[in-house]
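What follows is structure-v9.cif (mmCIF, C-alpha atoms, pLDDT in the B column; chains and numbers go by the auth columns).
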```cif
data_final
#
loop_
_atom_site.group_PDB
_atom_site.id
_atom_site.type_symbol
_atom_site.label_atom_id
_atom_site.label_comp_id
_atom_site.label_asym_id
_atom_site.label_seq_id
_atom_site.Cartn_x
_atom_site.Cartn_y
_atom_site.Cartn_z
_atom_site.B_iso_or_equiv
_atom_site.auth_seq_id
_atom_site.auth_asym_id
ATOM 1 C CA MET A 1 -62.623 36.378 165.631 45.00 1 A
ATOM 2 C CA LYS A 2 -59.225 37.506 164.378 49.00 2 A
ATOM 3 C CA PHE A 3 -58.364 33.941 163.393 45.00 3 A
ATOM 4 C CA ARG A 4 -61.270 33.764 160.940 50.00 4 A
ATOM 5 C CA SER A 5 -60.317 36.991 159.160 45.00 5 A
ATOM 6 C CA VAL A 6 -56.684 35.891 158.842 44.00 6 A
ATOM 7 C CA ALA A 7 -57.758 32.467 157.548 45.00 7 A
ATOM 8 C CA ALA A 8 -60.049 34.099 154.986 44.00 8 A
ATOM 9 C CA ALA A 9 -57.265 36.416 153.825 43.00 9 A
ATOM 10 C CA CYS A 10 -54.884 33.470 153.479 43.00 10 A
ATOM 11 C CA SER A 11 -57.367 31.419 151.459 41.00 11 A
ATOM 12 C CA ILE A 12 -57.956 34.382 149.131 39.00 12 A
ATOM 13 C CA ALA A 13 -54.206 34.866 148.632 40.00 13 A
ATOM 14 C CA ILE A 14 -53.711 31.169 147.904 40.00 14 A
ATOM 15 C CA SER A 15 -56.544 31.035 145.381 39.00 15 A
ATOM 16 C CA VAL A 16 -55.257 34.140 143.576 42.00 16 A
ATOM 17 C CA THR A 17 -51.734 32.743 143.156 43.00 17 A
ATOM 18 C CA ALA A 18 -53.121 29.600 141.532 41.00 18 A
ATOM 19 C CA LEU A 19 -54.451 31.589 138.574 43.00 19 A
ATOM 20 C CA PRO A 20 -52.279 32.507 135.582 50.00 20 A
ATOM 21 C CA LEU A 21 -51.228 36.134 135.536 50.00 21 A
ATOM 22 C CA VAL A 22 -51.637 37.901 132.191 49.00 22 A
ATOM 23 C CA VAL A 23 -49.511 40.956 131.552 47.00 23 A
ATOM 24 C CA ALA A 24 -49.535 42.847 128.265 43.00 24 A
ATOM 25 C CA THR A 25 -46.970 45.542 129.013 39.00 25 A
ATOM 26 C CA SER A 26 -46.140 45.985 132.688 40.00 26 A
ATOM 27 C CA ALA A 27 -43.057 47.457 134.330 38.00 27 A
ATOM 28 C CA SER A 28 -41.302 44.088 134.102 43.00 28 A
ATOM 29 C CA ALA A 29 -42.228 43.784 130.436 44.00 29 A
ATOM 30 C CA ALA A 30 -41.868 47.447 129.523 45.00 30 A
ATOM 31 C CA ALA A 31 -39.900 46.590 126.389 50.00 31 A
ATOM 32 C CA ALA A 32 -42.740 44.415 125.063 62.00 32 A
ATOM 33 C CA ALA A 33 -44.533 45.604 121.957 68.00 33 A
ATOM 34 C CA ASN A 34 -48.263 46.301 122.330 86.00 34 A
ATOM 35 C CA CYS A 35 -49.051 43.154 120.348 92.00 35 A
ATOM 36 C CA VAL A 36 -46.865 40.834 122.491 95.00 36 A
ATOM 37 C CA THR A 37 -48.403 39.373 125.649 94.00 37 A
ATOM 38 C CA ALA A 38 -46.929 37.336 128.465 94.00 38 A
ATOM 39 C CA THR A 39 -48.984 34.925 130.579 95.00 39 A
ATOM 40 C CA TYR A 40 -47.197 33.990 133.789 95.00 40 A
ATOM 41 C CA TYR A 41 -47.898 30.697 135.587 94.00 41 A
ATOM 42 C CA LEU A 42 -46.613 31.393 139.086 88.00 42 A
ATOM 43 C CA ASN A 43 -47.121 27.887 140.485 90.00 43 A
ATOM 44 C CA ASP A 44 -45.230 26.310 137.569 91.00 44 A
ATOM 45 C CA ASN A 45 -42.576 29.063 137.312 92.00 45 A
ATOM 46 C CA ALA A 46 -43.371 29.322 133.608 95.00 46 A
ATOM 47 C CA VAL A 47 -44.429 31.907 131.048 96.00 47 A
ATOM 48 C CA ASP A 48 -46.166 31.867 127.661 97.00 48 A
ATOM 49 C CA ILE A 49 -45.080 34.664 125.302 96.00 49 A
ATOM 50 C CA HIS A 50 -47.624 35.228 122.526 97.00 50 A
ATOM 51 C CA ASN A 51 -46.811 37.228 119.416 96.00 51 A
ATOM 52 C CA GLY A 52 -49.940 38.944 118.125 95.00 52 A
ATOM 53 C CA CYS A 53 -47.902 41.184 115.807 94.00 53 A
ATOM 54 C CA SER A 54 -47.656 40.864 112.035 94.00 54 A
ATOM 55 C CA THR A 55 -43.864 40.424 112.166 94.00 55 A
ATOM 56 C CA THR A 56 -41.520 37.998 113.935 95.00 56 A
ATOM 57 C CA LYS A 57 -40.464 39.252 117.385 95.00 57 A
ATOM 58 C CA HIS A 58 -37.411 38.278 119.439 95.00 58 A
ATOM 59 C CA TYR A 59 -37.729 37.926 123.210 96.00 59 A
ATOM 60 C CA LYS A 60 -35.927 36.337 126.137 95.00 60 A
ATOM 61 C CA VAL A 61 -37.032 35.609 129.700 95.00 61 A
ATOM 62 C CA ALA A 62 -35.262 37.476 132.506 94.00 62 A
ATOM 63 C CA GLU A 63 -34.623 35.280 135.543 92.00 63 A
ATOM 64 C CA ARG A 64 -33.438 36.076 139.058 90.00 64 A
ATOM 65 C CA PHE A 65 -30.710 33.803 140.496 89.00 65 A
ATOM 66 C CA TRP A 66 -30.129 32.283 137.036 91.00 66 A
ATOM 67 C CA PRO A 67 -28.904 33.545 133.646 93.00 67 A
ATOM 68 C CA ASP A 68 -31.558 34.910 131.291 93.00 68 A
ATOM 69 C CA SER A 69 -32.923 32.539 128.663 94.00 69 A
ATOM 70 C CA ASP A 70 -31.705 32.414 125.085 94.00 70 A
ATOM 71 C CA CYS A 71 -33.272 34.816 122.610 96.00 71 A
ATOM 72 C CA PHE A 72 -36.354 33.237 121.007 94.00 72 A
ATOM 73 C CA ALA A 73 -37.711 34.156 117.573 96.00 73 A
ATOM 74 C CA ILE A 74 -41.500 34.046 117.859 96.00 74 A
ATOM 75 C CA LYS A 75 -43.392 34.078 114.570 96.00 75 A
ATOM 76 C CA PRO A 76 -46.667 36.011 114.141 96.00 76 A
ATOM 77 C CA GLY A 77 -49.597 34.278 115.837 96.00 77 A
ATOM 78 C CA LYS A 78 -47.329 31.807 117.685 96.00 78 A
ATOM 79 C CA THR A 79 -46.681 31.278 121.404 96.00 79 A
ATOM 80 C CA LYS A 80 -43.421 30.296 123.109 96.00 80 A
ATOM 81 C CA HIS A 81 -43.773 28.378 126.403 96.00 81 A
ATOM 82 C CA TYR A 82 -40.783 28.676 128.746 95.00 82 A
ATOM 83 C CA GLU A 83 -40.250 26.923 132.084 94.00 83 A
ATOM 84 C CA ALA A 84 -37.688 28.762 134.189 93.00 84 A
ATOM 85 C CA THR A 85 -34.988 27.447 136.467 90.00 85 A
ATOM 86 C CA GLY A 86 -34.611 30.712 138.396 86.00 86 A
ATOM 87 C CA THR A 87 -37.399 33.079 139.399 89.00 87 A
ATOM 88 C CA ILE A 88 -39.047 34.769 136.408 93.00 88 A
ATOM 89 C CA GLN A 89 -38.713 38.560 136.458 92.00 89 A
ATOM 90 C CA GLY A 90 -40.258 39.345 133.094 93.00 90 A
ATOM 91 C CA ILE A 91 -39.591 39.334 129.355 94.00 91 A
ATOM 92 C CA LYS A 92 -37.142 41.452 127.362 93.00 92 A
ATOM 93 C CA GLU A 93 -36.874 42.207 123.688 93.00 93 A
ATOM 94 C CA CYS A 94 -33.549 41.042 122.241 92.00 94 A
#
```

C-alpha coordinates encoding of this file:
Amino acid sequence: MKFRSVAAACSIAISVTALPLVVATSASAAAAANCVTATYYLNDNAVDIHNGCSTTKHYKVAERFWPDSDCFAIKPGKTKHYEATGTIQGIKEC
(Lines of atoms letter the chains of each structure in order from A and count residues from 1; the text may use other names and numbers.)
(Lines give C-alpha, C1' and ligand atoms only; values in the text may rest on other atoms or scores of the structure.)
Protein backbone atom coordinates (compact mmCIF):
# COMPACT_ATOMS: atom_id res chain seq x y z
CA MET A 1 0.00 0.00 0.00
CA LYS A 2 2.80 2.43 0.80
CA PHE A 3 4.32 1.87 -2.64
CA ARG A 4 1.19 3.17 -4.38
CA SER A 5 1.08 6.39 -2.35
CA VAL A 6 4.77 7.07 -2.98
CA ALA A 7 4.34 6.36 -6.70
CA ALA A 8 1.37 8.73 -6.86
CA ALA A 9 3.32 11.46 -5.07
CA CYS A 10 6.24 11.01 -7.47
CA SER A 11 4.03 11.20 -10.55
CA ILE A 12 2.41 14.39 -9.23
CA ALA A 13 5.82 15.97 -8.56
CA ILE A 14 7.05 15.04 -12.04
CA SER A 15 3.98 16.44 -13.77
CA VAL A 16 4.21 19.71 -11.81
CA THR A 17 7.85 20.31 -12.76
CA ALA A 18 7.01 19.94 -16.45
CA LEU A 19 4.81 23.04 -16.37
CA PRO A 20 6.22 26.56 -16.76
CA LEU A 21 6.37 28.50 -13.53
CA VAL A 22 5.05 32.06 -13.71
CA VAL A 23 6.27 34.52 -11.11
CA ALA A 24 5.30 38.18 -11.11
CA THR A 25 7.25 39.40 -8.08
CA SER A 26 8.50 36.65 -5.78
CA ALA A 27 11.37 36.68 -3.30
CA SER A 28 13.81 35.78 -6.08
CA ALA A 29 12.43 38.56 -8.27
CA ALA A 30 11.77 41.09 -5.52
CA ALA A 31 13.38 43.87 -7.54
CA ALA A 32 10.96 43.32 -10.44
CA ALA A 33 8.49 46.07 -11.18
CA ASN A 34 4.80 45.14 -10.89
CA CYS A 35 4.48 45.22 -14.68
CA VAL A 36 7.45 42.88 -15.33
CA THR A 37 6.80 39.13 -15.23
CA ALA A 38 9.13 36.16 -15.41
CA THR A 39 8.04 32.75 -16.71
CA TYR A 40 10.47 30.02 -15.70
CA TYR A 41 10.85 26.82 -17.74
CA LEU A 42 12.46 24.46 -15.25
CA ASN A 43 13.01 21.55 -17.65
CA ASP A 44 14.74 23.80 -20.19
CA ASN A 45 16.61 25.92 -17.60
CA ALA A 46 15.21 29.02 -19.30
CA VAL A 47 13.20 32.12 -18.48
CA ASP A 48 11.02 34.57 -20.41
CA ILE A 49 11.04 38.12 -19.02
CA HIS A 50 8.04 40.13 -20.24
CA ASN A 51 7.87 43.90 -19.94
CA GLY A 52 4.27 45.01 -19.51
CA CYS A 53 5.34 48.51 -18.45
CA SER A 54 5.08 51.66 -20.55
CA THR A 55 8.84 52.29 -20.37
CA THR A 56 11.93 50.25 -21.28
CA LYS A 57 13.18 48.13 -18.36
CA HIS A 58 16.65 46.68 -17.79
CA TYR A 59 17.01 43.21 -16.27
CA LYS A 60 19.56 40.43 -15.96
CA VAL A 61 19.22 36.78 -14.98
CA ALA A 62 20.91 35.66 -11.76
CA GLU A 63 22.51 32.22 -12.07
CA ARG A 64 24.00 29.86 -9.50
CA PHE A 65 27.37 28.28 -10.39
CA TRP A 66 27.76 30.70 -13.32
CA PRO A 67 28.11 34.48 -13.75
CA ASP A 68 24.88 36.46 -14.08
CA SER A 69 23.73 37.30 -17.59
CA ASP A 70 24.38 40.61 -19.30
CA CYS A 71 21.93 43.43 -18.66
CA PHE A 72 19.09 43.32 -21.21
CA ALA A 73 17.05 46.34 -22.29
CA ILE A 74 13.48 45.11 -22.74
CA LYS A 75 11.15 47.47 -24.58
CA PRO A 76 7.49 47.90 -23.56
CA GLY A 77 5.34 44.94 -24.61
CA LYS A 78 8.38 42.80 -25.52
CA THR A 79 9.70 39.54 -24.06
CA LYS A 80 13.32 38.44 -23.64
CA HIS A 81 13.94 34.66 -23.71
CA TYR A 82 17.10 33.53 -21.91
CA GLU A 83 18.54 30.01 -21.71
CA ALA A 84 20.89 29.67 -18.75
CA THR A 85 24.14 27.80 -18.40
CA GLY A 86 24.03 27.71 -14.60
CA THR A 87 20.95 27.23 -12.43
CA ILE A 88 18.52 30.15 -12.67
CA GLN A 89 17.95 31.91 -9.34
CA GLY A 90 15.77 34.76 -10.52
CA ILE A 91 15.84 38.12 -12.28
CA LYS A 92 17.39 41.40 -11.12
CA GLU A 93 16.90 44.95 -12.24
CA CYS A 94 20.14 46.49 -13.52

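Take the PyMOL selection byres ((chain A and resi 60) around 8) and apply it to this file: it picks His58, Tyr59, Val61, Ala62, Asp68, Ser69, Asp70, Cys71, Phe72, Ile91, Lys92, Glu93 and Cys94 of chain A.
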
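Distance annotation: of A:Gln89, A:Asn43, A:Thr79, A:Asn34, the residue with the minimal separation from Trp66 in chain A is A:Gln89; atom set is all atoms listed in the file.
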
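Of the listed residues A:Thr56, A:Tyr40, A:Phe65, A:Ile49, the one whose atoms come nearest to Lys80 in chain A is A:Ile49, with distances taken using all atoms listed in the file.
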
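Distances from A:Thr39, A:Asn45, A:Gly90, A:Gly52 to Lys78 in chain A were compared using only C-alpha atoms, and the smallest one belongs to A:Gly52.
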
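In this comparison, which uses all atoms listed in the file, the residue of A:Val36, A:Ala46, A:Pro67, A:Tyr41 approaching Glu83 in chain A most closely is A:Ala46.
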
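For the residues A:Ile88, A:Gly77, A:Leu42, A:Asn51, ranking by smallest atom-to-atom distance to Arg64 in chain A using all atoms listed in the file places A:Ile88 first.
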
Result set, the PyMOL selection byres ((chain A and resi 74) around 6) on current file, as a ChimeraX atom specification: /A:56-57,73,75

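The smallest atom-to-atom distance between Cys35 in chain A and any of A:Asp48, A:Pro76, A:His81, A:Glu63, using only C-alpha atoms, is found for A:Pro76.
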